[in-house]
Amino acid sequence: MGRVELLSYAIPAFAVLMLVEWIAYRRDPDRSGNSGSARDTASNIATFTLGRLVKPLMQYLLPFSAVVGAAAITPLHLSPRSWWVWVLGLIVTDLCYYWAHRADHRVRLMWTAHNVHHSSEYFNLSTAIRLSWLHPVPNILRGLAWVPAALLGFPAWMIFLLQGIGLLYQFPIHTQRVRTLPRPIEFLFNTPSHHRVHHGSNKPYIDKNYGGVLIIWDRMFGSFAAESEPVRYGLTKNIGTDNPLKVNYHELAALIRDVRGASTWRGRLGYVFGPPGWTEHAAAPVSEVVEVPATGRTVERAGQLTS
């Protein structure tokens, strides 16, 4: 069973859980204003449904898998008959996911696909299925993150299955209904609280908590943030539309415009491989007027405008 088949079997459970969450929100007089909207939920479901129809095209457009190739050439072969191989495989593939997910946020070309998931200004279970459609180049590059797992000897089918399990784990943590879990769980695992932080667009939360199943990777690599203030969901510049087509490709269109408008090759490459928000033109220095003690004179001190 591959990742796509596993997610397909989970769709009825997704639907039931989303309905239960919606009823719970409707019955809660203290629900937050960013818990959801009918238009946003409809857009999420439409994006997911159309994505399920489009995604099978990938197997024809991209028949080669770097993971399959790496598994074929490696001299190492771990047996899935051993229980510890499954435990180790879950840890290794989750670490691969961490770095793939971090690249999704720090490389703009990757962000053209992943921003779809973050573009909702609401946060509920339907947000979990707001997934990108056909983005061949980012998908190829993202798949390279699991090549180390294949080279270590894990079978390709096992890697794909564990990827699917990791994605299933992340579905129920897209909710505001669960505040925090016992401290040992919060320390080791990705939880609703940690994932709310990840979807935040306010400054303490941007580019934090990339972990899939385990949050210890963020603690180890300096990208962890605890939930400390109300979360503002969405993008730093929200797109203001529920059109699934625009939701999927607005950032790719913006990247193409920036590349076409760049005046140097450094600028063109920076817009593609730099982090989201990177610009070819650095912020102009500003002058700060300061008073010199005892003289009463004022002088200008060059500086850089910071936010």
# chains A, B, ... in the order shown; residues from 1 in each chain; ligands from 1
call {"tool": "residues_around", "arguments": {"residues": "Leu109 of chain A", "least_positions_apart": "3", "cutoff": "10 Å", "atoms": "only C-alpha atoms", "output": "ChimeraX atom specification"}}
result
/A:103-106,112-114,135,137-138,141,251-252,255,271-276
call {"tool": "select_by_dssp", "arguments": {"residues": "segment 75-306 of chain A", "states": "alpha helix (DSSP H)", "output": "number ranges by chain"}}
result
A: 83-106, 108-118, 136-143, 147-151, 156-170, 183-188, 192-198, 216-221, 244-261, 265-273
call {"tool": "atom_distance", "arguments": {"atom1": "atom CA of Asp207 of chain A", "atom2": "atom CA of Leu151 of chain A"}}
result
28.9 Å
call {"tool": "atom_distance", "arguments": {"atom1": "atom CA of Thr74 of chain A", "atom2": "atom CA of Ile140 of chain A"}}
result
19.9 Å
call {"tool": "atom_distance", "arguments": {"atom1": "atom CA of Thr279 of chain A", "atom2": "atom CA of Leu235 of chain A"}}
result
17.5 Å
call {"tool": "residues_around", "arguments": {"residues": "Ile91 of chain A", "least_positions_apart": "2", "cutoff": "12 Å", "atoms": "only C-alpha atoms", "output": "list of chain:residue names"}}
result
A:Trp84, A:Val85, A:Trp86, A:Val87, A:Leu88, A:Gly89, A:Thr93, A:Asp94, A:Leu95, A:Cys96, A:Tyr97, A:Tyr98, A:Ala149, A:Phe154, A:Ile159, A:Leu162, A:Gln163, A:Ile165, A:Gly166, A:Leu188, A:Phe189, A:Gly211, A:Gly212, A:Val213, A:Leu214, A:Ile215, A:Ile216, A:Trp217
call {"tool": "write_last_selection", "arguments": {"atoms": "N, CA, C and O atoms", "output": "tab-separated table (two decimals), in the first residue's frame"}}
result
chain	number	residue	atom	x	y	z
A	84	TRP	N	12.33	-3.51	14.95
A	84	TRP	CA	13.15	-2.34	15.19
A	84	TRP	C	13.43	-1.57	13.90
A	84	TRP	O	13.68	-0.35	13.94
A	85	VAL	N	13.34	-2.24	12.76
A	85	VAL	CA	13.52	-1.55	11.48
A	85	VAL	C	12.36	-0.58	11.26
A	85	VAL	O	12.56	0.54	10.75
A	86	TRP	N	11.17	-0.97	11.66
A	86	TRP	CA	10.02	-0.08	11.53
A	86	TRP	C	10.15	1.13	12.45
A	86	TRP	O	9.84	2.26	12.06
A	87	VAL	N	10.58	0.90	13.67
A	87	VAL	CA	10.76	2.01	14.62
A	87	VAL	C	11.84	2.96	14.12
A	87	VAL	O	11.66	4.19	14.08
A	88	LEU	N	12.98	2.38	13.72
A	88	LEU	CA	14.06	3.20	13.19
A	88	LEU	C	13.63	3.91	11.91
A	88	LEU	O	13.97	5.09	11.70
A	89	GLY	N	12.87	3.21	11.07
A	89	GLY	CA	12.40	3.81	9.83
A	89	GLY	C	11.50	5.02	10.07
A	89	GLY	O	11.59	6.03	9.37
A	93	THR	N	12.67	8.56	8.63
A	93	THR	CA	11.84	9.24	7.64
A	93	THR	C	11.24	10.53	8.21
A	93	THR	O	11.02	11.49	7.47
A	94	ASP	N	11.01	10.57	9.52
A	94	ASP	CA	10.51	11.80	10.12
A	94	ASP	C	11.58	12.89	10.13
A	94	ASP	O	11.28	14.07	9.94
A	95	LEU	N	12.84	12.48	10.33
A	95	LEU	CA	13.94	13.44	10.24
A	95	LEU	C	14.07	13.95	8.80
A	95	LEU	O	14.30	15.15	8.58
A	96	CYS	N	13.91	13.06	7.83
A	96	CYS	CA	13.92	13.49	6.42
A	96	CYS	C	12.79	14.48	6.17
A	96	CYS	O	12.96	15.49	5.46
A	97	TYR	N	11.61	14.21	6.74
A	97	TYR	CA	10.48	15.12	6.58
A	97	TYR	C	10.80	16.49	7.15
A	97	TYR	O	10.45	17.52	6.56
A	98	TYR	N	11.44	16.52	8.30
A	98	TYR	CA	11.79	17.79	8.93
A	98	TYR	C	12.58	18.67	7.96
A	98	TYR	O	12.26	19.86	7.77
A	149	ALA	N	17.38	7.95	3.52
A	149	ALA	CA	16.71	6.80	4.12
A	149	ALA	C	16.84	5.59	3.21
A	149	ALA	O	17.06	4.46	3.69
A	154	PHE	N	16.52	1.14	3.85
A	154	PHE	CA	15.08	0.97	4.01
A	154	PHE	C	14.45	0.78	2.63
A	154	PHE	O	14.76	1.52	1.69
A	159	ILE	N	9.48	3.32	2.89
A	159	ILE	CA	9.65	4.77	3.05
A	159	ILE	C	8.37	5.49	2.67
A	159	ILE	O	7.90	6.39	3.39
A	162	LEU	N	5.69	4.91	5.34
A	162	LEU	CA	5.95	5.69	6.55
A	162	LEU	C	5.69	7.17	6.32
A	162	LEU	O	5.26	7.88	7.24
A	163	GLN	N	5.95	7.65	5.10
A	163	GLN	CA	5.58	9.02	4.75
A	163	GLN	C	4.08	9.22	4.92
A	163	GLN	O	3.62	10.22	5.48
A	165	ILE	N	2.00	7.49	6.79
A	165	ILE	CA	1.64	7.43	8.21
A	165	ILE	C	1.93	8.77	8.88
A	165	ILE	O	1.15	9.27	9.70
A	166	GLY	N	3.07	9.37	8.51
A	166	GLY	CA	3.40	10.68	9.07
A	166	GLY	C	2.39	11.74	8.69
A	166	GLY	O	2.02	12.59	9.51
A	188	LEU	N	8.11	15.64	23.22
A	188	LEU	CA	8.61	14.72	22.20
A	188	LEU	C	7.88	14.83	20.86
A	188	LEU	O	8.51	14.73	19.80
A	189	PHE	N	6.58	15.05	20.91
A	189	PHE	CA	5.76	14.90	19.71
A	189	PHE	C	5.20	16.23	19.22
A	189	PHE	O	5.03	17.18	19.99
A	211	GLY	N	8.57	20.02	12.49
A	211	GLY	CA	8.49	18.59	12.72
A	211	GLY	C	7.18	17.99	12.22
A	211	GLY	O	6.14	18.65	12.19
A	212	GLY	N	7.24	16.70	11.83
A	212	GLY	CA	6.05	15.99	11.38
A	212	GLY	C	5.41	15.25	12.53
A	212	GLY	O	4.40	15.66	13.09
A	213	VAL	N	6.00	14.13	12.92
A	213	VAL	CA	5.52	13.36	14.08
A	213	VAL	C	6.24	13.82	15.34
A	213	VAL	O	5.62	14.00	16.38
A	214	LEU	N	7.54	14.01	15.24
A	214	LEU	CA	8.36	14.38	16.40
A	214	LEU	C	8.70	15.86	16.36
A	214	LEU	O	9.04	16.40	15.31
A	215	ILE	N	8.63	16.51	17.52
A	215	ILE	CA	9.00	17.93	17.62
A	215	ILE	C	10.44	18.07	18.12
A	215	ILE	O	10.98	19.18	18.14
A	216	ILE	N	11.08	16.95	18.47
A	216	ILE	CA	12.44	17.04	19.01
A	216	ILE	C	13.43	17.56	17.98
A	216	ILE	O	14.46	18.13	18.35
A	217	TRP	N	13.14	17.38	16.68
A	217	TRP	CA	14.04	17.92	15.66
A	217	TRP	C	14.11	19.43	15.75
A	217	TRP	O	15.19	20.02	15.61
call {"tool": "closest_residue", "arguments": {"among": "A:Ile206, A:Ala262, A:Leu152, A:Ala254", "to": "Leu78 of chain A", "atoms": "only C-alpha atoms"}}
result
A:Leu152
call {"tool": "residues_around", "arguments": {"residues": "Phe48 of chain A", "least_positions_apart": "2", "cutoff": "10 Å", "atoms": "only C-alpha atoms", "output": "ChimeraX atom specification"}}
result
/A:42-46,50-54,126-133,244
call {"tool": "write_last_selection", "arguments": {"atoms": "N, CA and C atoms", "output": "mmCIF file, in the first residue's frame"}}
result
data_model
loop_
_atom_site.group_PDB
_atom_site.id
_atom_site.type_symbol
_atom_site.label_atom_id
_atom_site.label_comp_id
_atom_site.auth_asym_id
_atom_site.auth_seq_id
_atom_site.Cartn_x
_atom_site.Cartn_y
_atom_site.Cartn_z
ATOM 1 N N ALA A 42 -15.107 25.219 2.221
ATOM 2 C CA ALA A 42 -15.454 24.741 0.881
ATOM 3 C C ALA A 42 -14.241 24.809 -0.041
ATOM 4 N N SER A 43 -13.452 25.875 0.086
ATOM 5 C CA SER A 43 -12.239 25.998 -0.729
ATOM 6 C C SER A 43 -11.237 24.905 -0.386
ATOM 7 N N ASN A 44 -11.105 24.598 0.903
ATOM 8 C CA ASN A 44 -10.186 23.539 1.325
ATOM 9 C C ASN A 44 -10.596 22.189 0.742
ATOM 10 N N ILE A 45 -11.889 21.894 0.827
ATOM 11 C CA ILE A 45 -12.382 20.614 0.321
ATOM 12 C C ILE A 45 -12.244 20.547 -1.199
ATOM 13 N N ALA A 46 -12.557 21.651 -1.886
ATOM 14 C CA ALA A 46 -12.427 21.672 -3.341
ATOM 15 C C ALA A 46 -10.968 21.513 -3.757
ATOM 16 N N LEU A 50 -9.930 18.289 -6.047
ATOM 17 C CA LEU A 50 -9.318 18.482 -7.360
ATOM 18 C C LEU A 50 -7.872 17.984 -7.363
ATOM 19 N N GLY A 51 -7.202 18.131 -6.228
ATOM 20 C CA GLY A 51 -5.834 17.630 -6.123
ATOM 21 C C GLY A 51 -5.764 16.123 -6.252
ATOM 22 N N ARG A 52 -6.768 15.422 -5.692
ATOM 23 C CA ARG A 52 -6.784 13.954 -5.818
ATOM 24 C C ARG A 52 -6.954 13.539 -7.284
ATOM 25 N N LEU A 53 -7.635 14.382 -8.077
ATOM 26 C CA LEU A 53 -7.818 14.057 -9.484
ATOM 27 C C LEU A 53 -6.569 14.373 -10.303
ATOM 28 N N VAL A 54 -5.846 15.417 -9.897
ATOM 29 C CA VAL A 54 -4.677 15.859 -10.652
ATOM 30 C C VAL A 54 -3.432 15.072 -10.287
ATOM 31 N N SER A 126 -10.171 21.016 8.333
ATOM 32 C CA SER A 126 -10.219 21.142 6.880
ATOM 33 C C SER A 126 -8.949 21.793 6.335
ATOM 34 N N THR A 127 -8.249 22.561 7.174
ATOM 35 C CA THR A 127 -6.982 23.165 6.744
ATOM 36 C C THR A 127 -5.963 22.084 6.408
ATOM 37 N N ALA A 128 -6.054 20.940 7.082
ATOM 38 C CA ALA A 128 -5.098 19.850 6.867
ATOM 39 C C ALA A 128 -5.147 19.312 5.449
ATOM 40 N N ILE A 129 -6.308 19.410 4.788
ATOM 41 C CA ILE A 129 -6.424 18.852 3.435
ATOM 42 C C ILE A 129 -6.285 19.929 2.357
ATOM 43 N N ARG A 130 -5.888 21.113 2.761
ATOM 44 C CA ARG A 130 -5.623 22.205 1.803
ATOM 45 C C ARG A 130 -4.203 21.983 1.249
ATOM 46 N N LEU A 131 -4.104 21.136 0.245
ATOM 47 C CA LEU A 131 -2.815 20.676 -0.270
ATOM 48 C C LEU A 131 -2.632 21.096 -1.725
ATOM 49 N N SER A 132 -1.377 21.244 -2.134
ATOM 50 C CA SER A 132 -1.070 21.734 -3.478
ATOM 51 C C SER A 132 -1.363 20.671 -4.533
ATOM 52 N N TRP A 133 -1.489 21.123 -5.771
ATOM 53 C CA TRP A 133 -1.770 20.245 -6.900
ATOM 54 C C TRP A 133 -0.482 19.868 -7.624
ATOM 55 N N PRO A 244 -9.764 27.975 -5.773
ATOM 56 C CA PRO A 244 -8.727 26.943 -5.661
ATOM 57 C C PRO A 244 -7.581 27.104 -6.655
#
